[in-house]
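> Sharing my_file_15.cif, mmCIF, C-alpha atoms:
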```cif
data_start
loop_
_atom_site.label_atom_id
_atom_site.label_comp_id
_atom_site.auth_asym_id
_atom_site.auth_seq_id
_atom_site.Cartn_x
_atom_site.Cartn_y
_atom_site.Cartn_z
CA MET A 980 -4.57 3.16 -52.65
CA ASN A 981 -2.79 6.41 -52.56
CA LYS A 982 -0.12 7.42 -50.06
CA ASN A 983 -2.47 9.58 -47.96
CA VAL A 984 -4.83 6.68 -47.23
CA ILE A 985 -1.94 4.38 -46.31
CA LEU A 986 -0.50 7.06 -44.00
CA LYS A 987 -3.89 7.52 -42.29
CA TYR A 988 -4.22 3.77 -41.64
CA PHE A 989 -0.67 3.63 -40.33
CA ILE A 990 -1.32 6.50 -37.91
CA ILE A 991 -4.55 4.89 -36.68
CA VAL A 992 -2.89 1.51 -36.08
CA LEU A 993 0.07 3.17 -34.34
CA SER A 994 -2.30 5.19 -32.10
CA VAL A 995 -4.20 2.05 -31.08
CA ILE A 996 -0.96 0.19 -30.27
CA LEU A 997 0.39 3.10 -28.18
CA THR A 998 -2.91 3.45 -26.30
CA LEU A 999 -3.00 -0.26 -25.44
CA THR A 1000 0.64 -0.16 -24.32
CA GLY A 1001 -0.12 2.79 -22.04
CA ILE A 1002 -3.10 1.00 -20.49
CA VAL A 1003 -1.05 -2.16 -19.82
CA LEU A 1004 1.74 -0.12 -18.21
CA TRP A 1005 -0.72 1.81 -16.03
CA VAL A 1006 -2.42 -1.41 -14.80
CA THR A 1007 0.96 -2.99 -14.06
CA MET A 1008 2.14 0.03 -12.09
CA GLN A 1009 -1.10 0.20 -10.09
CA SER A 1010 -1.01 -3.47 -9.08
CA SER A 1011 2.61 -3.20 -7.90
CA ASN A 1012 1.58 -0.56 -5.35
CA ASN A 1013 -0.91 -2.80 -3.54
CA LEU A 1014 -0.17 -4.11 -0.06
CA LYS A 1015 0.10 -7.89 -0.37
CA GLU A 1016 0.46 -10.60 2.28
CA ASN A 1017 4.21 -10.49 1.65
CA THR A 1018 5.42 -7.18 0.23
CA VAL A 1019 9.12 -6.60 -0.46
CA ILE A 1020 10.45 -3.05 -0.73
CA LYS A 1021 13.99 -2.43 -1.92
CA ILE A 1022 15.66 0.31 0.10
CA SER A 1023 18.12 2.33 -1.88
CA GLY A 1024 18.72 5.89 -0.80
CA GLU A 1025 15.80 7.75 0.67
CA THR A 1026 12.74 5.60 -0.09
CA ASN A 1027 9.06 6.52 -0.10
CA LYS A 1028 6.44 3.92 -1.04
CA ASN A 1029 2.66 4.38 -0.96
CA LEU A 1030 0.82 1.05 -0.67
CA LYS A 1031 -2.91 0.73 -1.34
CA SER A 1032 -4.67 -1.40 1.29
CA GLU A 1033 -8.13 -2.89 1.07
CA ILE A 1034 -9.60 -4.59 4.11
CA LYS A 1035 -12.80 -6.57 3.62
CA GLY A 1036 -14.26 -9.86 4.72
CA LEU A 1037 -13.24 -9.45 8.36
CA TYR A 1038 -15.57 -10.89 10.97
CA PRO A 1039 -15.43 -10.90 14.78
CA GLY A 1040 -12.37 -12.85 15.93
CA LYS A 1041 -10.60 -12.87 12.54
CA THR A 1042 -7.09 -11.49 12.04
CA VAL A 1043 -5.39 -10.80 8.71
CA ASP A 1044 -1.60 -10.35 8.61
CA TYR A 1045 0.58 -8.51 6.09
CA VAL A 1046 4.38 -8.47 6.16
CA ILE A 1047 6.50 -5.72 4.64
CA SER A 1048 10.14 -6.76 4.19
CA LEU A 1049 12.76 -4.07 3.65
CA LYS A 1050 15.64 -5.31 1.52
CA GLY A 1051 18.96 -3.76 0.62
CA GLU A 1052 22.53 -3.89 1.84
CA THR A 1053 22.08 -0.90 4.12
CA ALA A 1054 18.38 -1.34 5.06
CA GLU A 1055 19.21 -1.57 8.78
CA GLU A 1056 20.80 1.90 8.71
CA TYR A 1057 17.55 3.63 7.83
CA PHE A 1058 15.00 5.37 10.04
CA VAL A 1059 11.54 4.02 9.12
CA SER A 1060 8.09 5.55 9.58
CA LEU A 1061 4.55 4.65 8.50
CA ASN A 1062 1.65 6.96 7.74
CA PHE A 1063 -1.92 5.69 7.28
CA HIS A 1064 -3.99 8.10 5.15
CA ASN A 1065 -6.66 8.77 2.46
CA ASP A 1066 -9.32 6.28 3.45
CA ASN A 1067 -12.49 5.98 1.39
CA GLY A 1068 -14.75 6.54 4.43
CA GLY A 1069 -15.45 2.81 4.82
CA GLU A 1070 -17.23 1.86 8.04
CA LEU A 1071 -14.83 -0.99 8.82
CA LYS A 1072 -12.16 1.42 10.09
CA LYS A 1073 -14.22 1.90 13.29
CA TYR A 1074 -14.01 -1.78 14.20
CA VAL A 1075 -10.49 -2.86 13.20
CA VAL A 1076 -7.59 -2.96 15.65
CA VAL A 1077 -4.15 -2.72 14.03
CA ALA A 1078 -0.97 -4.14 15.57
CA ILE A 1079 2.29 -2.96 14.00
CA VAL A 1080 5.06 -5.33 15.05
CA THR A 1081 8.81 -4.80 14.47
CA ASP A 1082 12.01 -5.81 16.26
CA ASN A 1083 11.78 -2.47 18.07
CA GLY A 1084 8.37 -3.20 19.62
CA THR A 1085 4.63 -3.23 18.99
CA ILE A 1086 2.21 -0.37 18.39
CA GLN A 1087 -1.50 -1.14 18.73
CA LYS A 1088 -4.27 1.29 17.77
CA THR A 1089 -7.62 1.29 16.01
CA LEU A 1090 -7.48 1.84 12.27
CA GLU A 1091 -9.58 4.96 12.72
CA GLU A 1092 -6.94 6.43 15.10
CA LEU A 1093 -4.15 5.61 12.66
CA LEU A 1094 -5.99 7.25 9.76
CA ASP A 1095 -6.62 10.40 11.80
CA GLY A 1096 -3.14 10.59 13.31
CA GLU A 1097 0.39 11.56 12.53
CA PRO A 1098 3.08 9.33 10.98
CA LEU A 1099 4.34 6.57 13.28
CA SER A 1100 8.07 6.34 13.90
CA LEU A 1101 9.25 2.72 13.88
CA GLY A 1102 12.88 3.59 14.62
CA GLN A 1103 16.13 2.44 13.10
CA GLY A 1104 17.18 -1.07 12.12
CA VAL A 1105 13.74 -2.22 10.99
CA THR A 1106 13.90 -4.85 8.24
CA GLU A 1107 10.45 -6.39 8.68
CA ILE A 1108 7.10 -4.85 9.58
CA LYS A 1109 4.11 -7.02 10.40
CA LEU A 1110 0.70 -5.37 10.10
CA SER A 1111 -2.09 -7.34 11.79
CA TYR A 1112 -5.66 -6.23 11.19
CA ALA A 1113 -8.07 -7.79 13.69
CA MET A 1114 -11.74 -7.44 14.50
CA PRO A 1115 -12.46 -7.91 18.21
CA ILE A 1116 -14.66 -10.90 19.05
CA ASP A 1117 -17.26 -8.68 20.74
CA THR A 1118 -17.95 -6.61 17.59
CA GLY A 1119 -21.64 -6.58 16.71
CA ASP A 1120 -23.53 -7.06 13.48
CA GLU A 1121 -23.03 -3.41 12.51
CA ALA A 1122 -19.63 -4.35 11.01
CA GLN A 1123 -21.01 -7.16 8.87
CA GLY A 1124 -20.11 -6.68 5.21
CA ALA A 1125 -18.15 -3.47 5.90
CA SER A 1126 -14.89 -2.67 4.13
CA VAL A 1127 -12.32 0.10 3.93
CA VAL A 1128 -9.69 1.20 1.40
CA PHE A 1129 -6.75 3.34 2.51
CA TYR A 1130 -3.03 3.91 1.91
CA VAL A 1131 0.01 3.03 4.00
CA GLU A 1132 2.95 5.29 3.22
CA LEU A 1133 6.36 3.90 4.16
CA ASN A 1134 9.28 6.30 4.49
CA ALA A 1135 12.86 5.19 4.98
CA LYS A 1136 15.40 7.96 5.56
CA ASN A 1137 19.12 7.69 6.03
CA VAL A 1138 20.19 8.20 9.65
CA GLU A 1139 22.48 11.18 10.05
CA GLN A 1140 25.82 10.17 11.59
#
```
Could I get this file's structure written as structure tokens?

Amino acid sequence: MNKNVILKYFIIVLSVILTLTGIVLWVTMQSSNNLKENTVIKISGETNKNLKSEIKGLYPGKTVDYVISLKGETAEEYFVSLNFHNDNGGELKKYVVVAIVTDNGTIQKTLEELLDGEPLSLGQGVTEIKLSYAMPIDTGDEAQGASVVFYVELNAKNVEQ
């Protein structure tokens, strides 16, 4: 084989390896931005995290809880807000009631209201946020099999002294 053929094979193999590495990194980064039952976010400086949420399999009377823990030495000094946005138009948003529970209190609204509204201020000193998604017991069959995908954006900003 001459040098040109060897160089071509080397470039092809290198391209395949780089492509596979890029795909693995992209999948890893996407899965780390999903809202999980227990999500930990490290607060360091001004923090903004966009978490993908998928709600499915709810039925009348069922509640699903997610906990977001804010970690860091100075996490309690930050002013925290949540913004629900960019839903996929799923029908489930009409039937789900969301309770956002922190040490500072509880906010309860329908998911549809949260997706249409402004960011919610949770105040200062928040280190844990509990998101409870519930379907009221009196919901009819129209919600059967429905789902919704949306994003929860968490912002933590340093409180001005």
> Quick one: distance from CA of Ile985 in chain A to CA of Thr1000 in chain A in Å, one decimal?
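Result for CA of Ile985 in chain A versus CA of Thr1000 in chain A: 22.6 Å, one decimal.
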> Just want the 10 Å neighbourhood of range 1098-1103 of chain A, counted on all atoms listed in the file, with same-chain residues fewer than 3 positions away dropped. Output as a tab-separated table (two decimals) with C-alpha atoms, keeping the file's coordinate frame.

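Writing the result to part26.tsv gives the following:
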```tsv
chain	number	residue	atom	x	y	z
A	1054	ALA	CA	18.38	-1.34	5.06
A	1055	GLU	CA	19.21	-1.57	8.78
A	1056	GLU	CA	20.80	1.90	8.71
A	1057	TYR	CA	17.55	3.63	7.83
A	1058	PHE	CA	15.00	5.37	10.04
A	1059	VAL	CA	11.54	4.02	9.12
A	1060	SER	CA	8.09	5.55	9.58
A	1061	LEU	CA	4.55	4.65	8.50
A	1062	ASN	CA	1.65	6.96	7.74
A	1063	PHE	CA	-1.92	5.69	7.28
A	1064	HIS	CA	-3.99	8.10	5.15
A	1079	ILE	CA	2.29	-2.96	14.00
A	1080	VAL	CA	5.06	-5.33	15.05
A	1081	THR	CA	8.81	-4.80	14.47
A	1082	ASP	CA	12.01	-5.81	16.26
A	1083	ASN	CA	11.78	-2.47	18.07
A	1084	GLY	CA	8.37	-3.20	19.62
A	1085	THR	CA	4.63	-3.23	18.99
A	1086	ILE	CA	2.21	-0.37	18.39
A	1093	LEU	CA	-4.15	5.61	12.66
A	1094	LEU	CA	-5.99	7.25	9.76
A	1095	ASP	CA	-6.62	10.40	11.80
A	1106	THR	CA	13.90	-4.85	8.24
A	1108	ILE	CA	7.10	-4.85	9.58
A	1131	VAL	CA	0.01	3.03	4.00
A	1132	GLU	CA	2.95	5.29	3.22
A	1133	LEU	CA	6.36	3.90	4.16
A	1134	ASN	CA	9.28	6.30	4.49
A	1135	ALA	CA	12.86	5.19	4.98
A	1136	LYS	CA	15.40	7.96	5.56
A	1137	ASN	CA	19.12	7.69	6.03
A	1138	VAL	CA	20.19	8.20	9.65
```
> Could you list, as a PyMOL selection string, every residue matched by the PyMOL selection byres ((chain A and resi 1129) around 10) in this structure?
chain A and resi 1030-1034+1063-1069+1072+1090+1094+1127-1128+1130-1132
> I'd like to know which of A:Val1003, A:Val1043, A:Ile1020, A:Leu1071 is closest to Ala1113 in chain A, using all atoms listed in the file.
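Once distances to Ala1113 in chain A are computed over all atoms listed in the file, the minimum belongs to A:Val1043.
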> Can you give me, as a list in words, the residues this file yields under the PyMOL selection byres ((chain A and resi 1124) around 12)?
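On the file shown, the PyMOL selection byres ((chain A and resi 1124) around 12) covers Ile1034, Lys1035, Gly1036, Leu1037, Tyr1038, Pro1039, Gly1069, Glu1070, Leu1071, Tyr1074, Gly1119, Asp1120, Glu1121, Ala1122, Gln1123, Ala1125, Ser1126 and Val1127 of chain A.
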> Using all atoms listed in the file, can you list as a PyMOL selection string the residues within 12 Å of (13.8, -12.2, 4.4)?
chain A and resi 1017-1021+1046-1051+1054+1105-1108
> Any idea what the distance is between CA of Ile1116 in chain A and CA of Val1075 in chain A?
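Pair CA of Ile1116 in chain A / CA of Val1075 in chain A returns 10.8 Å.
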> Please report the interatomic distance between CA of Lys1109 in chain A and CA of Val1077 in chain A in Å with one decimal.
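Distance reported for this atom pair: 10.0 Å.
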> Which of these residues is nearest to Thr1118 in chain A, using only C-alpha atoms: A:Val1076, A:Val992, A:Glu1091, A:Asp1044?
A:Val1076
> Hey, can I get the axis-aligned box for range 990-997 of chain A? All listed atoms, 5 Å padding on each side, centre and edge lengths in Å to one decimal, as lines of an AutoDock Vina configuration file.

```
center_x = -2.1
center_y = 3.3
center_z = -33.0
size_x = 14.9
size_y = 16.3
size_z = 19.7
```
> Return the single residue from A:Thr1042, A:Thr1053, A:Ile1022, A:Glu1097 that is closest to Tyr1112 in chain A, with distances computed using all atoms listed in the file.
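For Tyr1112 in chain A, the nearest of the given residues is A:Thr1042.
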> When you count all atoms listed in the file, which of these residues is closest to Lys1015 in chain A: A:Asn1027, A:Lys1073, A:Tyr1045, A:Glu1092?
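The answer is A:Tyr1045, which sits nearest to Lys1015 in chain A.
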> Return the single residue from A:Ile996, A:Leu1110, A:Asp1117, A:Thr1089 that is closest to Leu1014 in chain A, with distances computed using all atoms listed in the file.
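Closest to Leu1014 in chain A of all the choices is A:Leu1110.
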> For range 1046-1134 of chain A, write C-alpha atoms out as a PDB file, in the first residue's frame.

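result36.pdb, written as the output of this step:
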```pdb
ATOM      1  CA  VAL A1046     -37.227  16.906  44.751  1.00  0.00           C
ATOM      2  CA  ILE A1047     -34.639  19.450  43.646  1.00  0.00           C
ATOM      3  CA  SER A1048     -31.853  19.904  46.203  1.00  0.00           C
ATOM      4  CA  LEU A1049     -29.657  22.989  45.985  1.00  0.00           C
ATOM      5  CA  LYS A1050     -26.150  22.313  47.256  1.00  0.00           C
ATOM      6  CA  GLY A1051     -23.211  24.600  47.904  1.00  0.00           C
ATOM      7  CA  GLU A1052     -21.686  26.419  50.843  1.00  0.00           C
ATOM      8  CA  THR A1053     -23.637  29.594  50.151  1.00  0.00           C
ATOM      9  CA  ALA A1054     -26.841  28.084  48.661  1.00  0.00           C
ATOM     10  CA  GLU A1055     -29.016  29.681  51.363  1.00  0.00           C
ATOM     11  CA  GLU A1056     -27.853  33.165  50.346  1.00  0.00           C
ATOM     12  CA  TYR A1057     -29.392  32.924  46.893  1.00  0.00           C
ATOM     13  CA  PHE A1058     -32.729  34.183  45.594  1.00  0.00           C
ATOM     14  CA  VAL A1059     -34.420  31.294  43.727  1.00  0.00           C
ATOM     15  CA  SER A1060     -37.079  31.332  41.008  1.00  0.00           C
ATOM     16  CA  LEU A1061     -38.700  28.721  38.755  1.00  0.00           C
ATOM     17  CA  ASN A1062     -40.083  29.155  35.261  1.00  0.00           C
ATOM     18  CA  PHE A1063     -42.186  26.466  33.538  1.00  0.00           C
ATOM     19  CA  HIS A1064     -42.004  26.782  29.734  1.00  0.00           C
ATOM     20  CA  ASN A1065     -41.831  25.204  26.233  1.00  0.00           C
ATOM     21  CA  ASP A1066     -44.393  22.439  26.564  1.00  0.00           C
ATOM     22  CA  ASN A1067     -45.034  20.097  23.649  1.00  0.00           C
ATOM     23  CA  GLY A1068     -48.789  20.819  23.650  1.00  0.00           C
ATOM     24  CA  GLY A1069     -49.588  17.604  25.541  1.00  0.00           C
ATOM     25  CA  GLU A1070     -53.169  17.344  26.776  1.00  0.00           C
ATOM     26  CA  LEU A1071     -52.142  16.272  30.287  1.00  0.00           C
ATOM     27  CA  LYS A1072     -51.244  19.853  31.262  1.00  0.00           C
ATOM     28  CA  LYS A1073     -54.980  20.653  31.518  1.00  0.00           C
ATOM     29  CA  TYR A1074     -55.549  18.046  34.227  1.00  0.00           C
ATOM     30  CA  VAL A1075     -52.431  18.202  36.424  1.00  0.00           C
ATOM     31  CA  VAL A1076     -52.260  20.258  39.615  1.00  0.00           C
ATOM     32  CA  VAL A1077     -48.737  21.235  40.679  1.00  0.00           C
ATOM     33  CA  ALA A1078     -47.723  21.955  44.273  1.00  0.00           C
ATOM     34  CA  ILE A1079     -44.345  23.647  44.728  1.00  0.00           C
ATOM     35  CA  VAL A1080     -43.262  23.234  48.346  1.00  0.00           C
ATOM     36  CA  THR A1081     -40.290  24.980  50.005  1.00  0.00           C
ATOM     37  CA  ASP A1082     -39.436  26.145  53.532  1.00  0.00           C
ATOM     38  CA  ASN A1083     -40.889  29.519  52.511  1.00  0.00           C
ATOM     39  CA  GLY A1084     -44.343  28.122  51.702  1.00  0.00           C
ATOM     40  CA  THR A1085     -46.425  26.327  49.086  1.00  0.00           C
ATOM     41  CA  ILE A1086     -47.602  27.463  45.660  1.00  0.00           C
ATOM     42  CA  GLN A1087     -50.374  25.447  44.021  1.00  0.00           C
ATOM     43  CA  LYS A1088     -51.525  25.950  40.421  1.00  0.00           C
ATOM     44  CA  THR A1089     -52.505  23.898  37.402  1.00  0.00           C
ATOM     45  CA  LEU A1090     -49.659  22.959  35.093  1.00  0.00           C
ATOM     46  CA  GLU A1091     -51.384  24.849  32.306  1.00  0.00           C
ATOM     47  CA  GLU A1092     -51.330  28.063  34.414  1.00  0.00           C
ATOM     48  CA  LEU A1093     -47.646  27.583  35.220  1.00  0.00           C
ATOM     49  CA  LEU A1094     -46.753  27.056  31.559  1.00  0.00           C
ATOM     50  CA  ASP A1095     -48.646  30.196  30.531  1.00  0.00           C
ATOM     51  CA  GLY A1096     -47.387  32.353  33.392  1.00  0.00           C
ATOM     52  CA  GLU A1097     -44.409  34.302  34.568  1.00  0.00           C
ATOM     53  CA  PRO A1098     -41.468  32.953  36.607  1.00  0.00           C
ATOM     54  CA  LEU A1099     -42.326  32.084  40.207  1.00  0.00           C
ATOM     55  CA  SER A1100     -40.259  33.655  42.956  1.00  0.00           C
ATOM     56  CA  LEU A1101     -39.480  31.143  45.708  1.00  0.00           C
ATOM     57  CA  GLY A1102     -37.553  33.626  47.847  1.00  0.00           C
ATOM     58  CA  GLN A1103     -34.235  33.420  49.633  1.00  0.00           C
ATOM     59  CA  GLY A1104     -32.841  30.568  51.707  1.00  0.00           C
ATOM     60  CA  VAL A1105     -34.354  27.770  49.624  1.00  0.00           C
ATOM     61  CA  THR A1106     -32.256  24.597  49.672  1.00  0.00           C
ATOM     62  CA  GLU A1107     -34.931  22.084  48.681  1.00  0.00           C
ATOM     63  CA  ILE A1108     -37.850  22.334  46.271  1.00  0.00           C
ATOM     64  CA  LYS A1109     -40.511  19.644  46.127  1.00  0.00           C
ATOM     65  CA  LEU A1110     -42.588  19.498  42.950  1.00  0.00           C
ATOM     66  CA  SER A1111     -45.742  17.391  43.299  1.00  0.00           C
ATOM     67  CA  TYR A1112     -47.713  16.617  40.157  1.00  0.00           C
ATOM     68  CA  ALA A1113     -51.199  15.317  40.954  1.00  0.00           C
ATOM     69  CA  MET A1114     -54.283  14.419  38.972  1.00  0.00           C
ATOM     70  CA  PRO A1115     -57.497  15.183  40.857  1.00  0.00           C
ATOM     71  CA  ILE A1116     -59.635  12.138  41.667  1.00  0.00           C
ATOM     72  CA  ASP A1117     -62.620  13.569  39.772  1.00  0.00           C
ATOM     73  CA  THR A1118     -60.757  13.769  36.428  1.00  0.00           C
ATOM     74  CA  GLY A1119     -62.614  11.942  33.673  1.00  0.00           C
ATOM     75  CA  ASP A1120     -61.532   9.518  30.985  1.00  0.00           C
ATOM     76  CA  GLU A1121     -60.444  12.361  28.700  1.00  0.00           C
ATOM     77  CA  ALA A1122     -57.045  12.391  30.467  1.00  0.00           C
ATOM     78  CA  GLN A1123     -56.440   8.676  30.016  1.00  0.00           C
ATOM     79  CA  GLY A1124     -53.132   8.015  28.268  1.00  0.00           C
ATOM     80  CA  ALA A1125     -52.281  11.735  28.030  1.00  0.00           C
ATOM     81  CA  SER A1126     -48.759  13.038  28.584  1.00  0.00           C
ATOM     82  CA  VAL A1127     -46.833  16.299  28.484  1.00  0.00           C
ATOM     83  CA  VAL A1128     -43.188  17.296  28.061  1.00  0.00           C
ATOM     84  CA  PHE A1129     -41.979  20.703  29.267  1.00  0.00           C
ATOM     85  CA  TYR A1130     -39.010  22.451  30.880  1.00  0.00           C
ATOM     86  CA  VAL A1131     -38.494  23.783  34.398  1.00  0.00           C
ATOM     87  CA  GLU A1132     -35.900  26.545  34.477  1.00  0.00           C
ATOM     88  CA  LEU A1133     -34.291  27.156  37.870  1.00  0.00           C
ATOM     89  CA  ASN A1134     -32.527  30.460  38.485  1.00  0.00           C
TER      90      ASN A1134
END
```
